[in-house]
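**Student:** Quick one, final_6.tsv (TSV, N, CA and C atoms):
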chain	number	residue	atom	x	y	z
L	46	MET	N	77.75	49.78	116.65
L	46	MET	CA	78.09	50.74	117.68
L	46	MET	C	79.53	50.48	118.10
L	47	HIS	N	80.29	51.52	118.29
L	47	HIS	CA	81.70	51.44	118.66
L	47	HIS	C	81.85	51.06	120.13
L	48	ALA	N	82.84	50.21	120.43
L	48	ALA	CA	83.05	49.70	121.79
L	48	ALA	C	83.29	50.83	122.79
L	49	ASP	N	84.03	51.86	122.39
L	49	ASP	CA	84.29	52.98	123.31
L	49	ASP	C	83.00	53.70	123.68
L	50	HIS	N	82.07	53.79	122.74
L	50	HIS	CA	80.77	54.41	123.01
L	50	HIS	C	79.99	53.57	124.03
L	51	ILE	N	80.02	52.27	123.85
L	51	ILE	CA	79.32	51.37	124.78
L	51	ILE	C	79.95	51.46	126.18
L	52	LEU	N	81.28	51.47	126.23
L	52	LEU	CA	81.95	51.61	127.53
L	52	LEU	C	81.57	52.93	128.20
L	53	GLY	N	81.42	53.98	127.40
L	53	GLY	CA	80.97	55.28	127.93
L	53	GLY	C	79.55	55.20	128.47
L	54	GLN	N	78.67	54.50	127.77
L	54	GLN	CA	77.30	54.32	128.24
L	54	GLN	C	77.27	53.57	129.57
L	55	LEU	N	78.06	52.53	129.66
L	55	LEU	CA	78.11	51.74	130.89
L	55	LEU	C	78.65	52.57	132.05
L	56	HIS	N	79.68	53.34	131.77
L	56	HIS	CA	80.26	54.22	132.80
L	56	HIS	C	79.23	55.24	133.26
L	57	ALA	N	78.50	55.82	132.31
L	57	ALA	CA	77.46	56.82	132.64
L	57	ALA	C	76.35	56.19	133.50
L	58	ALA	N	76.14	54.89	133.33
L	58	ALA	CA	75.12	54.19	134.12
L	58	ALA	C	75.68	53.74	135.47
L	59	GLY	N	76.94	54.09	135.75
L	59	GLY	CA	77.54	53.73	137.03
L	59	GLY	C	78.16	52.35	137.04
L	60	LEU	N	78.39	51.79	135.87
L	60	LEU	CA	78.93	50.43	135.77
L	60	LEU	C	80.39	50.45	135.34
L	61	GLY	N	81.12	49.49	135.83
L	61	GLY	CA	82.48	49.27	135.39
L	61	GLY	C	82.54	47.94	134.67
L	62	LEU	N	83.30	47.88	133.61
L	62	LEU	CA	83.45	46.65	132.83
L	62	LEU	C	84.94	46.37	132.72
L	63	ARG	N	85.33	45.14	133.04
L	63	ARG	CA	86.74	44.77	132.93
L	63	ARG	C	86.84	43.31	132.51
L	64	LEU	N	88.04	42.95	132.11
L	64	LEU	CA	88.30	41.57	131.72
L	64	LEU	C	88.76	40.78	132.94
L	65	GLY	N	88.18	39.61	133.11
L	65	GLY	CA	88.63	38.70	134.15
L	65	GLY	C	89.89	37.99	133.70
L	66	ALA	N	90.52	37.27	134.60
L	66	ALA	CA	91.75	36.56	134.28
L	66	ALA	C	91.54	35.54	133.16
L	67	ASP	N	90.33	35.01	133.08
L	67	ASP	CA	90.02	34.00	132.06
L	67	ASP	C	89.49	34.63	130.77
L	68	GLY	N	89.49	35.97	130.69
L	68	GLY	CA	89.00	36.65	129.50
L	68	GLY	C	87.52	36.95	129.51
L	69	ALA	N	86.83	36.58	130.61
L	69	ALA	CA	85.40	36.86	130.72
L	69	ALA	C	85.19	38.33	131.01
L	70	LEU	N	84.04	38.86	130.58
L	70	LEU	CA	83.68	40.23	130.90
L	70	LEU	C	83.05	40.27	132.29
L	71	LEU	N	83.54	41.16	133.12
L	71	LEU	CA	83.01	41.31	134.47
L	71	LEU	C	82.40	42.70	134.61
L	72	VAL	N	81.16	42.74	135.09
L	72	VAL	CA	80.42	44.00	135.25
L	72	VAL	C	80.16	44.22	136.73
L	73	ALA	N	80.39	45.44	137.17
L	73	ALA	CA	80.13	45.77	138.58
L	73	ALA	C	79.65	47.21	138.69
L	74	PRO	N	78.77	47.51	139.59
L	74	PRO	CA	78.02	46.58	140.43
L	74	PRO	C	76.90	45.92	139.62
L	75	ALA	N	76.74	44.63	139.81
L	75	ALA	CA	75.77	43.85	139.03
L	75	ALA	C	74.34	44.34	139.24
L	76	GLY	N	74.05	44.90	140.40
L	76	GLY	CA	72.69	45.37	140.69
L	76	GLY	C	72.24	46.53	139.82
L	77	LEU	N	73.20	47.23	139.18
L	77	LEU	CA	72.85	48.35	138.31
L	77	LEU	C	72.70	47.95	136.84
L	78	LEU	N	72.99	46.69	136.55
L	78	LEU	CA	72.96	46.23	135.16
L	78	LEU	C	71.52	45.99	134.70
L	79	LEU	N	71.01	46.92	133.92
L	79	LEU	CA	69.65	46.81	133.38
L	79	LEU	C	69.63	45.80	132.23
L	80	PRO	N	68.48	45.18	131.98
L	80	PRO	CA	68.39	44.18	130.90
L	80	PRO	C	68.86	44.71	129.54
L	81	GLU	N	68.52	45.97	129.22
L	81	GLU	CA	68.94	46.50	127.91
L	81	GLU	C	70.45	46.68	127.83
L	82	LEU	N	71.09	46.99	128.96
L	82	LEU	CA	72.55	47.11	128.95
L	82	LEU	C	73.19	45.73	128.88
L	83	ARG	N	72.59	44.75	129.53
L	83	ARG	CA	73.09	43.37	129.45
L	83	ARG	C	73.03	42.90	127.99
L	84	ASP	N	71.92	43.19	127.31
L	84	ASP	CA	71.78	42.81	125.89
L	84	ASP	C	72.81	43.53	125.03
L	85	LEU	N	73.05	44.80	125.33
L	85	LEU	CA	74.04	45.58	124.57
L	85	LEU	C	75.43	44.95	124.72
L	86	ILE	N	75.77	44.55	125.93
L	86	ILE	CA	77.06	43.90	126.18
L	86	ILE	C	77.14	42.58	125.41
L	87	ARG	N	76.08	41.80	125.45
L	87	ARG	CA	76.08	40.51	124.74
L	87	ARG	C	76.23	40.70	123.23
L	88	GLN	N	75.53	41.70	122.69
L	88	GLN	CA	75.58	41.95	121.24
L	88	GLN	C	76.97	42.38	120.78
L	89	HIS	N	77.70	43.05	121.64
L	89	HIS	CA	78.99	43.63	121.25
L	89	HIS	C	80.15	43.05	122.07
L	90	LYS	N	79.96	41.82	122.55
L	90	LYS	CA	80.94	41.22	123.45
L	90	LYS	C	82.33	41.15	122.83
L	91	THR	N	82.42	40.70	121.61
L	91	THR	CA	83.74	40.56	120.97
L	91	THR	C	84.45	41.90	120.89
L	92	ALA	N	83.73	42.93	120.45
L	92	ALA	CA	84.34	44.26	120.33
L	92	ALA	C	84.75	44.79	121.70
L	93	LEU	N	83.93	44.54	122.71
L	93	LEU	CA	84.25	45.01	124.06
L	93	LEU	C	85.48	44.29	124.61
L	94	VAL	N	85.56	42.98	124.41
L	94	VAL	CA	86.72	42.22	124.87
L	94	VAL	C	87.98	42.75	124.20
L	95	LEU	N	87.92	42.97	122.89
L	95	LEU	CA	89.08	43.49	122.16
L	95	LEU	C	89.48	44.88	122.66
L	96	ALA	N	88.49	45.75	122.88
L	96	ALA	CA	88.78	47.11	123.36
L	96	ALA	C	89.41	47.08	124.75
L	97	LEU	N	88.88	46.26	125.64
L	97	LEU	CA	89.43	46.17	126.99
L	97	LEU	C	90.82	45.53	126.98
L	98	ALA	N	91.03	44.55	126.13
L	98	ALA	CA	92.35	43.92	126.01
L	98	ALA	C	93.37	44.94	125.50
L	99	LYS	N	92.96	45.77	124.55
L	99	LYS	CA	93.85	46.81	124.02
L	99	LYS	C	94.18	47.83	125.10
L	100	GLN	N	93.18	48.24	125.89
L	100	GLN	CA	93.42	49.19	126.98
L	100	GLN	C	94.42	48.61	127.97
L	101	THR	N	94.25	47.33	128.32
L	101	THR	CA	95.15	46.67	129.26
L	101	THR	C	96.55	46.60	128.68
L	102	HIS	N	96.64	46.22	127.41
L	102	HIS	CA	97.94	46.13	126.73
L	102	HIS	C	98.61	47.50	126.71
L	103	ASP	N	97.87	48.55	126.32
L	103	ASP	CA	98.43	49.90	126.25
L	103	ASP	C	98.88	50.37	127.63
L	104	ALA	N	98.10	50.08	128.66
L	104	ALA	CA	98.47	50.48	130.02
L	104	ALA	C	99.74	49.76	130.46
L	105	ASN	N	99.89	48.50	130.07
L	105	ASN	CA	101.10	47.76	130.44
L	105	ASN	C	102.32	48.33	129.75
L	106	ILE	N	102.17	48.77	128.50
L	106	ILE	CA	103.29	49.37	127.78
L	106	ILE	C	103.68	50.68	128.45
L	107	ILE	N	102.69	51.51	128.76
L	107	ILE	CA	102.95	52.81	129.37
L	107	ILE	C	103.61	52.65	130.73
L	108	ASN	N	103.19	51.66	131.51
L	108	ASN	CA	103.68	51.49	132.87
L	108	ASN	C	104.91	50.60	132.97
L	109	THR	N	105.46	50.17	131.85
L	109	THR	CA	106.65	49.34	131.87
L	109	THR	C	107.86	50.21	131.56
L	110	PRO	N	108.75	50.37	132.52
L	110	PRO	CA	109.92	51.21	132.25
L	110	PRO	C	110.80	50.58	131.19
L	111	THR	N	111.40	51.43	130.37
L	111	THR	CA	112.29	50.92	129.33
L	111	THR	C	113.66	50.62	129.91
L	112	GLU	N	113.97	51.21	131.04
L	112	GLU	CA	115.24	50.95	131.71
L	112	GLU	C	114.94	50.42	133.11
L	113	PRO	N	115.78	49.55	133.62
L	113	PRO	CA	115.53	49.04	134.96
L	113	PRO	C	115.79	50.12	136.01
L	114	PHE	N	115.14	49.97	137.15
L	114	PHE	CA	115.39	50.85	138.27
L	114	PHE	C	116.65	50.34	138.97
L	115	THR	N	117.67	51.16	139.02
L	115	THR	CA	118.94	50.79	139.65
L	115	THR	C	119.37	51.91	140.58
L	116	GLU	N	120.30	51.58	141.46
L	116	GLU	CA	120.86	52.60	142.33
L	116	GLU	C	121.83	53.44	141.49
L	117	PRO	N	121.62	54.75	141.46
L	117	PRO	CA	122.50	55.60	140.65
L	117	PRO	C	123.93	55.62	141.19
L	118	PRO	N	124.87	55.96	140.34
L	118	PRO	CA	126.26	56.06	140.80
L	118	PRO	C	126.37	57.06	141.97
L	119	GLY	N	127.07	56.64	143.00
L	119	GLY	CA	127.22	57.49	144.17
L	119	GLY	C	126.16	57.24	145.23
L	120	TYR	N	125.13	56.44	144.89
L	120	TYR	CA	124.05	56.17	145.84
L	120	TYR	C	123.90	54.66	146.09
L	121	GLU	N	124.94	53.90	145.77
L	121	GLU	CA	124.91	52.46	145.98
L	121	GLU	C	124.73	52.18	147.47
L	122	GLY	N	123.89	51.19	147.77
L	122	GLY	CA	123.67	50.80	149.15
L	122	GLY	C	122.64	51.63	149.89
L	123	THR	N	122.08	52.66	149.24
L	123	THR	CA	121.09	53.51	149.92
L	123	THR	C	119.68	52.97	149.76
L	124	GLY	N	119.47	52.09	148.79
L	124	GLY	CA	118.13	51.59	148.53
L	124	GLY	C	117.33	52.50	147.63
L	125	TRP	N	117.89	53.65	147.27
L	125	TRP	CA	117.21	54.59	146.37
L	125	TRP	C	117.46	54.13	144.96
L	126	ARG	N	116.39	53.93	144.20
L	126	ARG	CA	116.50	53.41	142.85
L	126	ARG	C	115.86	54.38	141.86
L	127	LEU	N	116.45	54.47	140.69
L	127	LEU	CA	116.01	55.41	139.68
L	127	LEU	C	116.21	54.80	138.30
L	128	ALA	N	115.23	54.93	137.44
L	128	ALA	CA	115.38	54.48	136.06
L	128	ALA	C	115.94	55.63	135.25
L	129	GLY	N	116.84	55.33	134.36
L	129	GLY	CA	117.38	56.35	133.47
L	129	GLY	C	118.42	57.23	134.12
L	130	ALA	N	119.08	56.76	135.16
L	130	ALA	CA	120.05	57.58	135.88
L	130	ALA	C	121.37	57.71	135.12
L	131	ALA	N	121.65	56.77	134.24
L	131	ALA	CA	122.92	56.80	133.52
L	131	ALA	C	123.03	58.11	132.73
L	132	GLY	N	124.13	58.79	132.89
L	132	GLY	CA	124.35	60.03	132.15
L	132	GLY	C	123.88	61.28	132.86
L	133	LEU	N	123.19	61.15	133.98
L	133	LEU	CA	122.77	62.33	134.74
L	133	LEU	C	123.95	62.83	135.56
L	134	SER	N	124.06	64.14	135.65
L	134	SER	CA	125.16	64.72	136.42
L	134	SER	C	124.94	64.51	137.92
L	135	ALA	N	126.01	64.61	138.68
L	135	ALA	CA	125.93	64.46	140.14
L	135	ALA	C	124.98	65.49	140.75
L	136	PRO	N	125.00	66.79	140.32
L	136	PRO	CA	124.05	67.75	140.89
L	136	PRO	C	122.60	67.40	140.57
L	137	THR	N	122.35	66.89	139.37
L	137	THR	CA	120.98	66.50	139.00
L	137	THR	C	120.52	65.33	139.85
L	138	LEU	N	121.39	64.34	140.02
L	138	LEU	CA	121.06	63.21	140.88
L	138	LEU	C	120.79	63.67	142.31
L	139	ALA	N	121.57	64.61	142.80
L	139	ALA	CA	121.37	65.12	144.16
L	139	ALA	C	120.01	65.81	144.28
L	140	ARG	N	119.61	66.56	143.26
L	140	ARG	CA	118.29	67.21	143.28
L	140	ARG	C	117.17	66.18	143.26
L	141	PHE	N	117.32	65.14	142.43
L	141	PHE	CA	116.33	64.06	142.40
L	141	PHE	C	116.22	63.38	143.76
L	142	ARG	N	117.37	63.10	144.37
L	142	ARG	CA	117.38	62.44	145.67
L	142	ARG	C	116.71	63.31	146.73
L	143	ASP	N	117.02	64.61	146.75
L	143	ASP	CA	116.40	65.53	147.70
L	143	ASP	C	114.89	65.58	147.52
L	144	ALA	N	114.46	65.63	146.26
L	144	ALA	CA	113.02	65.66	145.98
L	144	ALA	C	112.36	64.36	146.42
L	145	SER	N	113.03	63.25	146.18
L	145	SER	CA	112.49	61.95	146.59
L	145	SER	C	112.34	61.86	148.10
L	146	LEU	N	113.34	62.31	148.82
L	146	LEU	CA	113.28	62.29	150.28
L	146	LEU	C	112.19	63.22	150.80
L	147	ALA	N	112.03	64.39	150.17
L	147	ALA	CA	110.98	65.33	150.58
L	147	ALA	C	109.59	64.73	150.36
L	148	LEU	N	109.40	64.04	149.25
L	148	LEU	CA	108.12	63.39	149.00
L	148	LEU	C	107.86	62.29	150.01
L	149	ASP	N	108.89	61.53	150.34
L	149	ASP	CA	108.74	60.46	151.33
L	149	ASP	C	108.38	61.02	152.70
L	150	ALA	N	108.88	62.20	153.02
L	150	ALA	CA	108.66	62.79	154.35
L	150	ALA	C	107.30	63.49	154.47
L	151	ALA	N	106.68	63.84	153.34
L	151	ALA	CA	105.41	64.58	153.38
L	151	ALA	C	104.29	63.66	153.83
L	152	PRO	N	103.62	63.99	154.94
L	152	PRO	CA	102.58	63.10	155.47
L	152	PRO	C	101.41	62.88	154.51
L	153	GLU	N	101.12	63.84	153.64
L	153	GLU	CA	99.99	63.67	152.73
L	153	GLU	C	100.27	62.62	151.66
L	154	ASN	N	101.52	62.18	151.54
L	154	ASN	CA	101.87	61.15	150.57
L	154	ASN	C	101.88	59.75	151.18
L	155	HIS	N	101.51	59.64	152.46
L	155	HIS	CA	101.53	58.34	153.12
L	155	HIS	C	100.11	57.79	153.16
L	156	LEU	N	99.99	56.50	152.95
L	156	LEU	CA	98.72	55.83	153.05
L	156	LEU	C	98.35	55.67	154.52
L	157	GLN	N	97.13	55.96	154.84
L	157	GLN	CA	96.65	55.76	156.20
L	157	GLN	C	95.89	54.45	156.25
L	158	LEU	N	96.44	53.48	156.94
L	158	LEU	CA	95.79	52.18	157.06
L	158	LEU	C	94.96	52.17	158.34
L	159	GLN	N	93.74	51.76	158.20
L	159	GLN	CA	92.85	51.69	159.35
L	159	GLN	C	92.38	50.26	159.52
L	160	GLU	N	92.44	49.79	160.74
L	160	GLU	CA	91.96	48.44	161.01
L	160	GLU	C	90.44	48.48	161.13
L	161	THR	N	89.82	47.46	160.60
L	161	THR	CA	88.36	47.33	160.73
L	161	THR	C	88.07	46.10	161.56
L	162	THR	N	87.05	46.20	162.33
L	162	THR	CA	86.64	45.05	163.15
L	162	THR	C	85.50	44.34	162.45
L	163	PRO	N	85.54	43.02	162.46
L	163	PRO	CA	84.47	42.26	161.76
L	163	PRO	C	83.13	42.39	162.45
Since I need it in another form, could you write the structure as C-alpha cells?
**Tutor:**
Amino acid sequence: MHADHILGQLHAAGLGLRLGADGALLVAPAGLLLPELRDLIRQHKTALVLALAKQTHDANIINTPTEPFTEPPGYEGTGWRLAGAAGLSAPTLARFRDASLALDAAPENHLQLQETTP
C-alpha cells in the first residue's frame, strides 16, 4: 500500500501523523487511533517516515527564499524588507510598499490574541 494512501486513510479517520524531532511517528489525537490503523502504521512505518520526511523537505525548499529579504533601494531605514527587489523600478517598489502598508492596516489581517484564565 502506498504511503500517501495510508496518510489519506488516517486523515479521513480524523488523525494527523507527523514526524517528531527524533524521527518518531506521532499520531494525534491518540484517542481516535483504532487498533487496525495502529497496525497499518506499524506495517508501513518506514514508508510513512520517508513520505513525511519528503513532505517536510519539500515544504522547506518551497518556503526558503532564494534571495535574502533586504531593504529595497530608497527604503533603507524603514524596516520594510523585500526579497528580489534588485532590478525593480522605483514605481513598482512604491506600489509594493503601498500594498504592504495597506495589508498591515487592514484589521482582518491582524491576529487577535485573547488571554485565558487558568
**Student:** Identify the residues around (87.3, 48.1, 120.8) within a radius of 6.5 Å, measuring from all atoms listed in the file in the coordinates stated by the file, and give them as a list of chain:residue names.
**Tutor:**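 Every residue inside that radius is included here: L:His47, L:Ala48, L:Asp49, L:Ala92, L:Leu93, L:Val94, L:Leu95, L:Ala96, L:Leu97.
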**Student:** Measuring atom to atom with only N, CA and C atoms, identify which of L:Gly122, L:Leu71, L:Leu78, L:Phe114 is nearest to Gly59 of chain L.
**Tutor:**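 Nearest to Gly59 of chain L: L:Leu78.
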**Student:** For Pro113 of chain L, list every protein, DNA or RNA residue within 8 Å, evaluated using all atoms listed in the file, and leave out those in the same chain fewer than 3 positions away; present the list as a JSON list (two decimals) with N, CA and C atoms, in the frame of the given file.
**Tutor:**
[["chain", "number", "residue", "atom", "x", "y", "z"],
["L", 110, "PRO", "N", 108.75, 50.37, 132.52],
["L", 110, "PRO", "CA", 109.92, 51.21, 132.25],
["L", 110, "PRO", "C", 110.80, 50.58, 131.19],
["L", 116, "GLU", "N", 120.30, 51.58, 141.46],
["L", 116, "GLU", "CA", 120.86, 52.60, 142.33],
["L", 116, "GLU", "C", 121.83, 53.44, 141.49],
["L", 126, "ARG", "N", 116.39, 53.93, 144.20],
["L", 126, "ARG", "CA", 116.50, 53.41, 142.85],
["L", 126, "ARG", "C", 115.86, 54.38, 141.86],
["L", 127, "LEU", "N", 116.45, 54.47, 140.69],
["L", 127, "LEU", "CA", 116.01, 55.41, 139.68],
["L", 127, "LEU", "C", 116.21, 54.80, 138.30],
["L", 128, "ALA", "N", 115.23, 54.93, 137.44],
["L", 128, "ALA", "CA", 115.38, 54.48, 136.06],
["L", 128, "ALA", "C", 115.94, 55.63, 135.25],
["L", 129, "GLY", "N", 116.84, 55.33, 134.36],
["L", 129, "GLY", "CA", 117.38, 56.35, 133.47],
["L", 129, "GLY", "C", 118.42, 57.23, 134.12],
["L", 130, "ALA", "N", 119.08, 56.76, 135.16],
["L", 130, "ALA", "CA", 120.05, 57.58, 135.88],
["L", 130, "ALA", "C", 121.37, 57.71, 135.12]]
**Student:** Please report the interatomic distance between atom N of Ala139 of chain L and atom N of Pro118 of chain L in Å with one decimal.
**Tutor:**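 Atom N of Ala139 of chain L sits 9.6 Å away from atom N of Pro118 of chain L.
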**Student:** Any idea what the distance is between atom CA of Leu60 of chain L and atom CA of Leu82 of chain L?
**Tutor:**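 Calculated distance between atom CA of Leu60 of chain L and atom CA of Leu82 of chain L is 9.9 Å.
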**Student:** Take the point (121.3, 62.9, 141.9) as written in the file and pick out every residue within 10 Å of it, counting only C-alpha atoms; give the list as an MDAnalysis selection string.
**Tutor:** chainID L and resid 117:120 127 130 133:144
**Student:** Between atom C of Ala98 of chain L and atom C of Leu77 of chain L, what is the distance, to one decimal in Å?
**Tutor:**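 Those two atoms sit 23.8 Å apart.
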**Student:** List every residue of segment 64-159 of chain L that DSSP, applied to the backbone, labels as strand (DSSP E), and write the result as a list in words.
**Tutor:** Leu64, Leu70, Leu71, Val72, Ala73, Phe114, Thr115, Leu127 and Ala128 of chain L
